[in-house]
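Structure data follow from input08.cif (mmCIF, C-alpha atoms):
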```cif
data_my_file
loop_
_atom_site.label_atom_id
_atom_site.label_comp_id
_atom_site.auth_asym_id
_atom_site.auth_seq_id
_atom_site.Cartn_x
_atom_site.Cartn_y
_atom_site.Cartn_z
CA MET A 1346 -109.92 -69.67 90.87
CA LYS A 1347 -110.16 -70.72 87.23
CA THR A 1348 -108.46 -67.45 86.17
CA LEU A 1349 -105.54 -68.21 88.52
CA TYR A 1350 -105.23 -71.72 87.05
CA ILE A 1351 -105.23 -70.25 83.52
CA ILE A 1352 -102.50 -67.73 84.43
CA LEU A 1353 -100.36 -70.45 86.05
CA ALA A 1354 -100.96 -72.91 83.19
CA VAL A 1355 -99.92 -70.32 80.59
CA PHE A 1356 -96.90 -69.25 82.68
CA PHE A 1357 -95.62 -72.83 83.09
CA LEU A 1358 -96.38 -73.60 79.45
CA ILE A 1359 -94.18 -70.69 78.34
CA LEU A 1360 -91.49 -71.86 80.77
CA SER A 1361 -91.87 -75.43 79.43
CA ALA A 1362 -91.41 -74.20 75.86
CA ILE A 1363 -88.25 -72.28 76.84
CA PHE A 1364 -86.83 -75.20 78.86
CA SER A 1365 -87.65 -77.64 76.04
CA TYR A 1366 -85.80 -75.46 73.55
CA LEU A 1367 -82.76 -75.14 75.80
CA PRO A 1368 -80.55 -78.24 76.21
CA LEU A 1369 -81.64 -78.75 79.82
CA GLY A 1370 -82.43 -82.46 79.50
CA THR A 1371 -84.84 -83.91 82.05
CA ILE A 1372 -84.81 -80.65 84.09
CA ALA A 1373 -87.40 -79.41 81.55
CA LEU A 1374 -89.81 -81.95 83.05
CA ILE A 1375 -90.21 -79.69 86.12
CA PRO A 1376 -92.11 -76.84 84.38
CA ILE A 1377 -93.82 -79.39 82.09
CA SER A 1378 -95.26 -81.19 85.15
CA PHE A 1379 -96.65 -77.92 86.51
CA ALA A 1380 -97.97 -76.88 83.09
CA PHE A 1381 -99.70 -80.26 82.78
CA LEU A 1382 -101.20 -80.00 86.29
CA PHE A 1383 -102.62 -76.50 85.82
CA SER A 1384 -103.80 -77.21 82.27
CA TYR A 1385 -105.65 -80.26 83.60
CA LEU A 1386 -107.21 -78.15 86.39
CA VAL A 1387 -108.31 -75.55 83.81
CA PHE A 1388 -109.80 -78.39 81.74
CA LYS A 1389 -111.65 -79.77 84.80
CA LYS A 1390 -112.98 -76.35 85.84
CA SER A 1391 -114.26 -75.55 82.37
CA GLU A 1392 -118.02 -75.12 82.27
CA THR A 1393 -118.32 -76.29 78.71
CA PRO A 1394 -116.98 -79.83 78.11
CA ASN A 1395 -115.55 -78.83 74.73
CA ASN A 1396 -113.46 -75.90 75.96
CA LYS A 1397 -110.93 -75.41 73.16
CA PHE A 1398 -108.50 -73.26 75.17
CA SER A 1399 -107.93 -75.85 77.93
CA LYS A 1400 -107.47 -78.54 75.28
CA ILE A 1401 -104.90 -76.40 73.45
CA LEU A 1402 -103.00 -75.91 76.74
CA LEU A 1403 -102.95 -79.66 77.35
CA ILE A 1404 -101.92 -80.49 73.79
CA LEU A 1405 -99.08 -77.93 73.83
CA THR A 1406 -97.84 -79.32 77.16
CA ILE A 1407 -97.84 -82.83 75.72
CA VAL A 1408 -95.96 -81.57 72.64
CA CYS A 1409 -93.28 -80.08 74.95
CA LEU A 1410 -93.11 -83.38 76.87
CA ILE A 1411 -92.67 -85.45 73.68
CA PHE A 1412 -90.05 -82.99 72.36
CA VAL A 1413 -88.03 -83.25 75.58
CA LEU A 1414 -88.27 -87.06 75.76
CA VAL A 1415 -87.17 -87.40 72.12
CA LYS A 1416 -84.19 -85.13 72.81
CA VAL A 1417 -83.25 -87.03 75.99
CA PHE A 1418 -83.55 -90.56 74.56
CA PHE A 1419 -82.67 -90.15 70.89
CA ILE A 1420 -80.19 -87.29 70.59
CA LYS A 1421 -76.67 -88.26 71.66
CA ASN A 1422 -74.33 -85.95 73.54
CA GLU A 1423 -71.55 -85.18 71.12
CA LEU A 1424 -68.56 -82.88 71.07
CA GLU A 1425 -68.06 -80.51 68.19
CA ILE A 1426 -64.81 -81.09 66.30
CA ASP A 1427 -63.08 -77.90 67.39
CA THR A 1428 -59.91 -77.56 65.32
CA LYS A 1429 -59.12 -74.14 66.82
CA PHE A 1430 -59.23 -75.60 70.35
CA GLU A 1431 -57.05 -78.56 69.33
CA GLN A 1432 -54.56 -76.23 67.63
CA GLN A 1433 -54.40 -74.09 70.78
CA LYS A 1434 -53.59 -77.21 72.82
CA ILE A 1435 -50.71 -78.09 70.48
CA GLU A 1436 -49.30 -74.53 70.63
CA ASN A 1437 -49.74 -74.59 74.41
CA ASN A 1438 -47.63 -77.73 74.63
CA LYS A 1439 -44.87 -76.15 72.52
CA ASP A 1440 -44.89 -73.02 74.72
CA ALA A 1441 -44.82 -75.16 77.86
CA LYS A 1442 -41.75 -77.04 76.65
CA LYS A 1443 -39.99 -73.73 76.06
CA ASP A 1444 -41.02 -72.48 79.53
CA LEU A 1445 -39.65 -75.67 81.10
CA GLU A 1446 -36.34 -75.29 79.28
CA ASP A 1447 -36.10 -71.64 80.39
CA LEU A 1448 -36.81 -72.75 83.94
CA GLU A 1449 -34.08 -75.41 83.76
CA ASN A 1450 -31.60 -72.79 82.51
CA ASP A 1451 -32.59 -70.42 85.34
CA LEU A 1452 -32.07 -73.14 87.93
CA GLU A 1453 -28.56 -73.94 86.70
CA MET B 802 -30.15 -120.98 101.26
CA LYS B 803 -29.20 -118.25 103.75
CA LYS B 804 -28.99 -115.73 100.90
CA THR B 805 -32.46 -116.67 99.62
CA LEU B 806 -33.85 -116.38 103.13
CA LEU B 807 -32.22 -112.97 103.55
CA ILE B 808 -33.71 -111.75 100.25
CA LEU B 809 -37.14 -113.06 101.29
CA VAL B 810 -36.92 -111.33 104.67
CA LEU B 811 -35.79 -108.07 103.06
CA PHE B 812 -38.64 -108.29 100.52
CA PHE B 813 -41.13 -108.90 103.34
CA LEU B 814 -39.77 -105.93 105.32
CA VAL B 815 -39.90 -103.60 102.32
CA THR B 816 -43.46 -104.55 101.39
CA SER B 817 -44.83 -104.49 104.94
CA PHE B 818 -43.41 -101.04 105.74
CA LYS B 819 -44.84 -99.34 102.66
CA SER B 820 -45.31 -95.60 103.16
CA ASP B 821 -48.67 -93.84 103.37
CA THR B 822 -48.23 -92.70 99.81
CA GLU B 823 -47.43 -94.53 96.59
CA ASN B 824 -47.45 -93.42 92.99
CA PRO B 825 -50.13 -95.06 90.83
CA VAL B 826 -49.97 -92.32 88.18
CA LYS B 827 -48.28 -93.34 84.94
CA SER B 828 -47.97 -91.67 81.55
CA GLY B 829 -50.37 -92.63 78.77
CA GLU B 830 -53.42 -92.65 80.99
CA SER B 831 -56.65 -91.23 79.56
CA LEU B 832 -59.82 -90.73 81.58
CA VAL B 833 -63.02 -89.46 79.99
CA TYR B 834 -65.85 -88.09 82.12
CA SER B 835 -69.30 -86.79 81.45
CA GLY B 836 -70.19 -83.71 83.47
CA SER B 837 -73.81 -83.26 84.56
CA TYR B 838 -75.83 -80.71 86.46
CA ASN B 839 -78.35 -82.19 88.86
CA MET B 840 -81.59 -80.54 89.97
CA SER B 841 -83.84 -82.51 92.32
CA GLY B 842 -82.58 -85.78 90.87
CA LEU B 843 -83.14 -84.62 87.28
CA LEU B 844 -79.97 -84.41 85.24
CA THR B 845 -78.67 -82.57 82.26
CA GLN B 846 -75.37 -83.51 80.72
CA ILE B 847 -73.33 -80.43 80.01
CA ALA B 848 -69.74 -81.21 79.14
CA GLN B 849 -67.03 -83.78 78.59
CA VAL B 850 -63.90 -83.74 80.69
CA ASN B 851 -60.72 -85.44 79.48
CA MET B 852 -57.85 -86.11 81.86
CA THR B 853 -54.65 -87.33 80.28
CA THR B 854 -51.09 -87.95 81.34
CA GLU B 855 -48.09 -88.06 79.04
CA LYS B 856 -44.34 -88.04 79.31
CA VAL B 857 -42.61 -84.84 78.21
CA THR B 858 -38.88 -84.71 77.66
CA THR B 859 -36.75 -81.59 77.44
CA ALA B 860 -33.00 -81.47 76.79
CA LYS B 861 -32.27 -81.90 80.51
CA ASN B 862 -35.29 -83.41 82.22
CA ASN B 863 -38.30 -85.68 82.08
CA TYR B 864 -41.72 -84.48 83.19
CA LEU B 865 -45.16 -85.94 83.55
CA HIS B 866 -47.69 -83.73 81.81
CA PHE B 867 -51.16 -83.70 83.40
CA SER B 868 -53.82 -82.22 81.19
CA CYS B 869 -57.45 -81.70 82.09
CA SER B 870 -59.65 -80.28 79.35
CA LEU B 871 -63.32 -79.47 79.51
CA ALA B 872 -65.55 -78.87 76.49
CA THR B 873 -69.31 -78.38 76.44
CA TYR B 874 -71.38 -80.75 74.29
CA SER B 875 -72.35 -79.27 70.91
CA LYS B 876 -75.99 -78.83 72.05
CA TRP B 877 -74.74 -76.29 74.65
CA ASP B 878 -72.19 -74.52 72.44
CA SER B 879 -74.70 -72.03 70.97
CA PHE B 880 -75.89 -71.05 74.48
CA PHE B 881 -72.76 -71.20 76.63
CA LYS B 882 -69.58 -72.54 75.09
CA ILE B 883 -66.82 -73.66 77.42
CA ARG B 884 -63.32 -74.64 76.36
CA ASP B 885 -61.05 -74.96 79.38
CA VAL B 886 -57.61 -76.50 79.67
CA TYR B 887 -55.77 -76.99 82.95
CA GLU B 888 -52.26 -78.37 82.72
CA SER B 889 -49.43 -79.19 85.01
CA TYR B 890 -45.89 -80.41 84.36
CA VAL B 891 -44.55 -82.37 87.29
CA ASN B 892 -41.60 -84.47 88.37
CA PRO B 893 -42.62 -88.05 87.42
CA ILE B 894 -41.49 -89.46 90.79
CA SER B 895 -42.25 -86.80 93.40
CA LEU B 896 -45.21 -85.32 91.44
CA LYS B 897 -43.93 -81.87 92.34
CA PRO B 898 -45.05 -79.26 89.79
CA SER B 899 -42.71 -77.03 87.81
CA LEU B 900 -45.23 -75.42 85.50
CA TYR B 901 -48.98 -74.89 85.75
CA LYS B 902 -51.13 -73.47 82.98
CA ARG B 903 -54.79 -72.59 82.89
CA ASN B 904 -56.49 -71.42 79.70
CA ILE B 905 -60.19 -70.87 80.10
CA ASN B 906 -62.85 -69.72 77.69
CA GLU B 907 -66.23 -69.75 79.39
CA GLY B 908 -68.99 -68.13 77.36
CA GLY B 909 -66.54 -65.57 75.97
CA PHE B 910 -64.76 -64.93 79.28
CA ILE B 911 -61.13 -65.65 78.47
CA LYS B 912 -58.38 -65.98 81.05
CA LYS B 913 -54.89 -67.34 80.67
CA GLU B 914 -52.78 -68.11 83.68
CA LYS B 915 -49.28 -69.51 83.95
CA TYR B 916 -47.26 -70.33 87.05
CA VAL B 917 -43.58 -71.11 86.72
CA ILE B 918 -42.66 -72.78 89.99
CA LYS B 919 -39.07 -72.59 91.27
CA GLY B 920 -39.11 -74.34 94.62
CA SER B 921 -41.29 -72.14 96.77
CA LYS B 922 -41.17 -69.13 94.43
CA VAL B 923 -43.87 -68.74 91.81
CA ASN B 924 -43.69 -66.39 88.83
CA SER B 925 -47.19 -65.94 87.54
CA THR B 926 -48.45 -64.45 84.30
CA VAL B 927 -52.14 -63.70 83.98
CA SER B 928 -53.96 -62.27 80.98
CA PHE B 929 -57.59 -61.64 80.10
CA LYS B 930 -59.29 -61.17 76.75
CA ASN B 931 -58.00 -58.02 74.99
CA ASN B 932 -55.97 -57.06 78.07
CA GLN B 933 -52.25 -56.88 78.52
CA GLU B 934 -50.75 -59.55 80.66
CA THR B 935 -49.82 -58.91 84.27
CA GLN B 936 -46.86 -60.53 85.97
CA ASN B 937 -46.49 -61.28 89.63
CA SER B 938 -44.23 -63.18 92.01
CA PHE B 939 -45.26 -64.85 95.23
CA THR B 940 -44.11 -67.62 97.53
CA ILE B 941 -45.86 -70.85 98.41
CA GLY B 942 -45.23 -73.63 100.91
CA THR B 943 -42.83 -76.40 99.94
CA ASN B 944 -45.69 -78.92 99.69
CA THR B 945 -48.15 -76.61 97.95
CA VAL B 946 -49.31 -77.85 94.55
CA ASP B 947 -51.64 -76.63 91.82
CA VAL B 948 -55.20 -77.91 91.56
CA ILE B 949 -54.48 -80.45 88.79
CA THR B 950 -51.46 -81.92 90.53
CA PHE B 951 -53.61 -82.18 93.66
CA LEU B 952 -56.12 -84.37 91.78
CA TYR B 953 -53.29 -86.75 90.90
CA GLN B 954 -51.43 -86.50 94.24
CA MET B 955 -54.66 -87.49 95.96
CA ARG B 956 -54.35 -90.83 94.20
CA THR B 957 -51.03 -91.48 95.88
CA VAL B 958 -52.66 -91.58 99.31
CA ASN B 959 -52.91 -95.11 100.65
CA PHE B 960 -56.54 -95.09 101.81
CA ALA B 961 -56.33 -98.84 102.53
CA ASN B 962 -54.57 -97.88 105.79
CA PHE B 963 -57.12 -95.21 106.70
CA LYS B 964 -59.87 -95.53 109.28
CA VAL B 965 -63.31 -94.07 108.54
CA GLY B 966 -63.25 -90.37 109.47
CA GLN B 967 -59.45 -90.09 109.17
CA THR B 968 -58.29 -86.97 107.36
CA LYS B 969 -55.32 -85.83 105.29
CA SER B 970 -54.48 -82.23 104.45
CA PHE B 971 -53.15 -80.67 101.27
CA THR B 972 -52.41 -77.09 100.29
CA ILE B 973 -53.13 -75.91 96.80
CA VAL B 974 -52.49 -72.67 94.96
CA PHE B 975 -55.35 -71.24 92.91
CA ASP B 976 -55.84 -67.70 91.59
CA GLU B 977 -52.45 -66.80 93.13
CA LYS B 978 -53.66 -67.72 96.61
CA GLU B 979 -52.89 -70.71 98.80
CA MET B 980 -55.83 -72.74 100.02
CA ASP B 981 -56.02 -75.59 102.54
CA ILE B 982 -57.85 -78.70 101.43
CA SER B 983 -58.80 -81.56 103.67
CA LEU B 984 -59.61 -85.10 102.54
CA LYS B 985 -61.79 -87.25 104.78
CA TYR B 986 -62.01 -90.99 104.22
CA MET B 987 -65.65 -92.09 104.43
CA GLY B 988 -65.37 -95.81 103.79
CA LYS B 989 -65.93 -98.02 100.76
CA GLU B 990 -68.80 -98.18 98.27
CA THR B 991 -69.34 -100.13 95.07
CA ILE B 992 -70.23 -97.92 92.13
CA ASN B 993 -70.31 -98.00 88.34
CA ALA B 994 -66.97 -97.01 86.84
CA GLY B 995 -67.67 -96.73 83.09
CA ASN B 996 -65.77 -99.29 81.01
CA LEU B 997 -64.21 -100.72 84.20
CA GLY B 998 -67.60 -102.03 85.29
CA LYS B 999 -68.77 -102.05 88.89
CA LYS B 1000 -65.85 -101.29 91.20
CA GLU B 1001 -65.32 -101.10 94.90
CA CYS B 1002 -64.24 -97.53 95.64
CA TYR B 1003 -62.81 -95.42 98.43
CA LYS B 1004 -65.31 -92.68 99.24
CA VAL B 1005 -63.44 -89.49 100.09
CA SER B 1006 -64.91 -86.15 101.08
CA ILE B 1007 -63.10 -82.98 99.99
CA ALA B 1008 -63.39 -79.85 102.11
CA ALA B 1009 -61.93 -76.47 101.23
CA LYS B 1010 -62.32 -73.00 102.66
CA THR B 1011 -63.74 -71.49 99.49
CA ALA B 1012 -67.09 -70.08 98.41
CA ALA B 1013 -66.87 -72.22 95.27
CA LEU B 1014 -67.68 -75.42 97.20
CA LYS B 1015 -70.73 -75.75 99.45
CA GLY B 1016 -71.85 -78.00 102.29
CA LYS B 1017 -70.25 -80.53 104.59
CA ASP B 1018 -69.43 -83.87 102.97
CA LYS B 1019 -71.21 -82.71 99.80
CA ASN B 1020 -68.08 -82.74 97.66
CA ILE B 1021 -67.12 -86.35 97.29
CA ILE B 1022 -64.79 -88.34 95.12
CA TRP B 1023 -64.92 -92.10 94.67
CA LEU B 1024 -61.51 -93.63 93.87
CA THR B 1025 -61.30 -97.24 92.74
CA ALA B 1026 -60.00 -99.35 95.63
CA ASP B 1027 -57.18 -100.87 93.59
CA GLU B 1028 -53.60 -99.92 92.74
CA HIS B 1029 -54.74 -97.34 90.13
CA LYS B 1030 -57.14 -95.35 92.35
CA ILE B 1031 -59.01 -94.01 89.33
CA PRO B 1032 -61.58 -91.31 90.18
CA ALA B 1033 -64.80 -93.11 89.18
CA LEU B 1034 -67.26 -90.47 90.28
CA ILE B 1035 -66.85 -86.89 91.46
CA GLN B 1036 -69.78 -85.18 93.10
CA PHE B 1037 -69.61 -81.47 93.84
CA SER B 1038 -71.91 -78.99 95.45
CA ILE B 1039 -71.59 -75.43 94.16
CA PRO B 1040 -73.69 -72.33 94.97
CA VAL B 1041 -75.98 -72.93 91.97
CA GLY B 1042 -76.66 -76.62 92.55
CA VAL B 1043 -75.14 -80.06 92.50
CA GLY B 1044 -73.08 -81.55 89.73
CA ASN B 1045 -71.19 -84.71 89.05
CA LEU B 1046 -68.49 -86.10 86.82
CA THR B 1047 -69.11 -89.71 85.83
CA LEU B 1048 -66.31 -91.85 84.45
CA LYS B 1049 -67.11 -93.00 80.91
CA SER B 1050 -63.84 -94.61 79.98
CA ALA B 1051 -60.42 -95.22 81.45
CA THR B 1052 -57.61 -96.35 79.15
CA GLY B 1053 -53.86 -96.70 79.44
CA ILE B 1054 -54.01 -97.45 83.17
#
```
Could I get this file's structure written as C-alpha cells?
Amino acid sequence: MKTLYIILAVFFLILSAIFSYLPLGTIALIPISFAFLFSYLVFKKSETPNNKFSKILLILTIVCLIFVLVKVFFIKNELEIDTKFEQQKIENNKDAKKDLEDLENDLE
Amino acid sequence: MKKTLLILVLFFLVTSFKSDTENPVKSGESLVYSGSYNMSGLLTQIAQVNMTTEKVTTAKNNYLHFSCSLATYSKWDSFFKIRDVYESYVNPISLKPSLYKRNINEGGFIKKEKYVIKGSKVNSTVSFKNNQETQNSFTIGTNTVDVITFLYQMRTVNFANFKVGQTKSFTIVFDEKEMDISLKYMGKETINAGNLGKKECYKVSIAAKTAALKGKDKNIIWLTADEHKIPALIQFSIPVGVGNLTLKSATGI
C-alpha cells in the first residue's frame, strides 16, 4: 500500500509542478491537493518517524502551493503591448473602408 | 389646449405601442471583459475581450463599426498566444451588416475571412497562413447576420415584454454556413457588472445547433435590464469545459 501511495504522491507532485509552472491559476490546486494527500499518507505510513523522503514530498508540495498562491494573488493579469496587432487593426480598418466603398459602387 | 392634448395623446400612443425591438447600440461604446476557463469552480483567467463600436463614414454612407478583439494575457502568450479580431460594418439604424471580417491567430493557426454582403448575396474571401486565398459566393436569408452583429442585435430585443420561457430566433452565418440560434428568456437576476456595480439583468439562454456549444441552458448571457442592455456576464459551455466572460468596464454607453 505504501508503494502505491509513493507512486501516486510522486505522480501528483510532478503534475503539481507542471501545473504551477503553467499559467493555470487556481486549477493547479487540484493536483496539489492530491499530491498533499498522498504525501501525507506516505508520511503517516512511514515506519521511521524521520523519513526524509516523505518530508521532501510534503515540502515540495507546499512549495508548489505557495508558488501558485503568490501567482494568483500577487501577479496581475496584463496584456502585452502588441504593436504588430494594433498596426494590423489599423490596416484592417483602412481595407474595410475601401471594401465598403467598392460595395457602394457595385450597388449603384 | 386641444393641440397640446392631441400632442400628449399622440406621444402616449407612440410610447405605448413600442415595437419588440429597439436600438440601444450607439457609437463610442467600449466594453472590456475578462475571459476565464472554469474547472470544478476553480478559475484561470486567460484573455481580455474588447468590444467597441464606432462610426465609420465613407463618401456615400455612414456605418456602425462593431469590433470584437480577443488577446491572451501575457502570462499565456508563451504557451498559446491568441490574437483574434471579429468585425462587422452595419447600417446604424437597421443594424444590417454590409461587411464582416474575421482575422484569427490562435497559437499560430492563422485564418482570415471576409464577407461582403449585398442583400442576400455574400462574396466571401478566406485565406489561411501561407495559403492562397479562396473566393466563394453564397446566398443567405434576408434576416441572416454575422456572429458579431448578432451579439449587438440581441440587445435590441425588448425582453421587458417577454415571459419566462419565451423564445426568439435568429439566423447567423458562420464559416460560410447559416445557423439557427434561439434565445430563451429565463427571468431576471442581479449580478456584478464591473464598473457599473450590481445590476439587475435579463438572463437569456442561447441555443445553437453546433458542436461548439454544449448542454441545454448552459450558454447564458446576462444583459443589464436597462435601456443599454449591456452584456454583463456571458457563460458558455464548450466541449473542453466551461468558460465565462465577465464585464470589467463599460464606457461610452
Contact table chain A vs chain B, cut-off 10 Å, shortest pair per residue, only C-alpha atoms, as JSON lines:
```
{"residue": "A:Leu1367", "atom": "CA", "partner": "B:Phe880", "partner_atom": "CA", "distance": 8.1}
{"residue": "A:Pro1368", "atom": "CA", "partner": "B:Lys876", "partner_atom": "CA", "distance": 6.2}
{"residue": "A:Leu1369", "atom": "CA", "partner": "B:Thr845", "partner_atom": "CA", "distance": 5.4}
{"residue": "A:Gly1370", "atom": "CA", "partner": "B:Thr845", "partner_atom": "CA", "distance": 4.7}
{"residue": "A:Thr1371", "atom": "CA", "partner": "B:Leu843", "partner_atom": "CA", "distance": 5.5}
{"residue": "A:Ile1372", "atom": "CA", "partner": "B:Leu843", "partner_atom": "CA", "distance": 5.4}
{"residue": "A:Ala1373", "atom": "CA", "partner": "B:Leu843", "partner_atom": "CA", "distance": 8.8}
{"residue": "A:Leu1374", "atom": "CA", "partner": "B:Leu843", "partner_atom": "CA", "distance": 8.3}
{"residue": "A:Ile1375", "atom": "CA", "partner": "B:Leu843", "partner_atom": "CA", "distance": 8.7}
{"residue": "A:Val1417", "atom": "CA", "partner": "B:Thr845", "partner_atom": "CA", "distance": 9.0}
{"residue": "A:Ile1420", "atom": "CA", "partner": "B:Lys876", "partner_atom": "CA", "distance": 9.6}
{"residue": "A:Lys1421", "atom": "CA", "partner": "B:Lys876", "partner_atom": "CA", "distance": 9.5}
{"residue": "A:Asn1422", "atom": "CA", "partner": "B:Tyr874", "partner_atom": "CA", "distance": 6.0}
{"residue": "A:Glu1423", "atom": "CA", "partner": "B:Tyr874", "partner_atom": "CA", "distance": 5.5}
{"residue": "A:Leu1424", "atom": "CA", "partner": "B:Tyr874", "partner_atom": "CA", "distance": 4.8}
{"residue": "A:Glu1425", "atom": "CA", "partner": "B:Ser875", "partner_atom": "CA", "distance": 5.2}
{"residue": "A:Ile1426", "atom": "CA", "partner": "B:Ser875", "partner_atom": "CA", "distance": 9.0}
{"residue": "A:Asp1427", "atom": "CA", "partner": "B:Ala872", "partner_atom": "CA", "distance": 9.5}
{"residue": "A:Phe1430", "atom": "CA", "partner": "B:Arg884", "partner_atom": "CA", "distance": 7.3}
{"residue": "A:Gln1433", "atom": "CA", "partner": "B:Asn904", "partner_atom": "CA", "distance": 9.5}
{"residue": "A:Lys1434", "atom": "CA", "partner": "B:Val886", "partner_atom": "CA", "distance": 8.0}
{"residue": "A:Asn1437", "atom": "CA", "partner": "B:Lys902", "partner_atom": "CA", "distance": 8.8}
{"residue": "A:Asn1438", "atom": "CA", "partner": "B:Glu888", "partner_atom": "CA", "distance": 9.3}
{"residue": "A:Ala1441", "atom": "CA", "partner": "B:Leu900", "partner_atom": "CA", "distance": 7.7}
{"residue": "A:Lys1442", "atom": "CA", "partner": "B:Thr859", "partner_atom": "CA", "distance": 6.8}
{"residue": "A:Lys1443", "atom": "CA", "partner": "B:Thr859", "partner_atom": "CA", "distance": 8.6}
{"residue": "A:Asp1444", "atom": "CA", "partner": "B:Val917", "partner_atom": "CA", "distance": 7.8}
{"residue": "A:Leu1445", "atom": "CA", "partner": "B:Leu900", "partner_atom": "CA", "distance": 7.1}
{"residue": "A:Glu1446", "atom": "CA", "partner": "B:Thr859", "partner_atom": "CA", "distance": 6.6}
{"residue": "A:Asp1447", "atom": "CA", "partner": "B:Val917", "partner_atom": "CA", "distance": 9.8}
{"residue": "A:Leu1448", "atom": "CA", "partner": "B:Val917", "partner_atom": "CA", "distance": 7.5}
{"residue": "A:Glu1449", "atom": "CA", "partner": "B:Lys861", "partner_atom": "CA", "distance": 7.5}
{"residue": "A:Asn1450", "atom": "CA", "partner": "B:Lys861", "partner_atom": "CA", "distance": 9.4}
{"residue": "A:Asp1451", "atom": "CA", "partner": "B:Lys919", "partner_atom": "CA", "distance": 9.0}
{"residue": "A:Leu1452", "atom": "CA", "partner": "B:Lys919", "partner_atom": "CA", "distance": 7.8}
```
Picked residues, the PyMOL selection byres ((chain A and resi 1363) around 12), expected as an MDAnalysis selection string | chainID A and resid 1356:1362 1364:1369 1372:1374 1376:1377 1406 1409 1412:1413
Evaluate the PyMOL selection byres ((chain B and resi 990) around 10) and report residues as a list in words | Met987, Gly988, Lys989, Thr991, Ile992, Lys1000, Glu1001, Cys1002, Tyr1003, Lys1004, Trp1023, Leu1024, Thr1025 and Ala1026 of chain B
For CA of Cys869 in chain B and CA of Ser1050 in chain B, determine how far apart the two atoms are, in Å to one decimal place.
->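 Between CA of Cys869 in chain B and CA of Ser1050 in chain B the gap is 14.6 Å.
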Tell me which protein, DNA and RNA residues are within 9 Å of Pro893 in chain B, counting only C-alpha atoms, leaving out same-chain ones fewer than 3 positions away, and put them as a short mmCIF file (atom, residue, chain, number, x, y, z; two decimals) with C-alpha atoms, keeping the file's coordinate frame.
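Final output, around15.cif:
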```cif
data_model
loop_
_atom_site.label_atom_id
_atom_site.label_comp_id
_atom_site.auth_asym_id
_atom_site.auth_seq_id
_atom_site.Cartn_x
_atom_site.Cartn_y
_atom_site.Cartn_z
CA VAL B 826 -49.97 -92.32 88.18
CA LYS B 827 -48.28 -93.34 84.94
CA SER B 828 -47.97 -91.67 81.55
CA LYS B 856 -44.34 -88.04 79.31
CA ASN B 863 -38.30 -85.68 82.08
CA TYR B 864 -41.72 -84.48 83.19
CA LEU B 865 -45.16 -85.94 83.55
CA HIS B 866 -47.69 -83.73 81.81
CA TYR B 890 -45.89 -80.41 84.36
CA LEU B 896 -45.21 -85.32 91.44
CA LYS B 897 -43.93 -81.87 92.34
#
```
Can you list, as a PDB file with C-alpha atoms, in the coordinates of the input, every protein, DNA or RNA residue that comes within 8 Å of Gln967 in chain B when you count all atoms listed in the file, leaving out same-chain residues fewer than 3 positions away?
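So the final result, stored in out.pdb, reads:
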```
ATOM      1  CA  PHE B 963     -57.120 -95.210 106.700  1.00  0.00           C
ATOM      2  CA  LYS B 964     -59.870 -95.530 109.280  1.00  0.00           C
ATOM      3  CA  LYS B 985     -61.790 -87.250 104.780  1.00  0.00           C
ATOM      4  CA  TYR B 986     -62.010 -90.990 104.220  1.00  0.00           C
TER       5      TYR B 986
END
```
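CA of Leu1048 in chain B is positioned 6.1 Å from CA of Leu1034 in chain B.
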Just need the box for range 823-831 of chain B, edges along x, y and z, holding every atom the file lists for it with 8 Å tacked onto each side, so centre and edge lengths in Å to one decimal, as lines of an AutoDock Vina configuration file.
```
center_x = -52.0
center_y = -93.1
center_z = 87.7
size_x = 25.2
size_y = 19.8
size_z = 33.8
```
Name every residue that the PyMOL selection byres ((chain B and resi 824) around 9) selects in this structure, writing the answer as a ChimeraX atom specification with chains first and numbers rising.
-> /B:822-823,825-827,894-896,954,956-958,1028-1029
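Compared by their closest atoms to Thr926 in chain B, and using all atoms listed in the file, the residues B:Gly942, B:Thr950, B:Asn1045, B:Glu977 rank with B:Glu977 nearest.
The gap separating CA of Val927 in chain B from CA of Arg903 in chain B is 9.3 Å, in Å to one decimal.
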Atoms are missing here; could range 1418-1424 of chain A be completed with N, CA, C and O atoms and written as a JSON list (two decimals), in the frame of the given file?
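Wrote it out as selection.json, contents follow:
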```json
[["chain", "number", "residue", "atom", "x", "y", "z"],
["A", 1418, "PHE", "N", -83.81, -89.15, 74.89],
["A", 1418, "PHE", "CA", -83.55, -90.56, 74.56],
["A", 1418, "PHE", "C", -82.94, -90.80, 73.18],
["A", 1418, "PHE", "O", -82.33, -91.82, 72.94],
["A", 1419, "PHE", "N", -83.13, -89.87, 72.25],
["A", 1419, "PHE", "CA", -82.67, -90.15, 70.89],
["A", 1419, "PHE", "C", -81.53, -89.26, 70.39],
["A", 1419, "PHE", "O", -80.89, -89.58, 69.40],
["A", 1420, "ILE", "N", -81.29, -88.15, 71.06],
["A", 1420, "ILE", "CA", -80.19, -87.29, 70.59],
["A", 1420, "ILE", "C", -78.98, -87.50, 71.49],
["A", 1420, "ILE", "O", -79.05, -87.30, 72.71],
["A", 1421, "LYS", "N", -77.88, -87.95, 70.90],
["A", 1421, "LYS", "CA", -76.67, -88.26, 71.66],
["A", 1421, "LYS", "C", -75.90, -86.98, 72.03],
["A", 1421, "LYS", "O", -75.93, -86.01, 71.27],
["A", 1422, "ASN", "N", -75.21, -87.06, 73.15],
["A", 1422, "ASN", "CA", -74.33, -85.95, 73.54],
["A", 1422, "ASN", "C", -73.03, -86.08, 72.75],
["A", 1422, "ASN", "O", -72.34, -87.08, 72.88],
["A", 1423, "GLU", "N", -72.76, -85.12, 71.93],
["A", 1423, "GLU", "CA", -71.55, -85.18, 71.12],
["A", 1423, "GLU", "C", -70.73, -83.91, 71.25],
["A", 1423, "GLU", "O", -71.29, -82.84, 71.49],
["A", 1424, "LEU", "N", -69.44, -84.05, 71.05],
["A", 1424, "LEU", "CA", -68.56, -82.88, 71.07],
["A", 1424, "LEU", "C", -68.34, -82.40, 69.65],
["A", 1424, "LEU", "O", -68.17, -83.21, 68.74]]
```
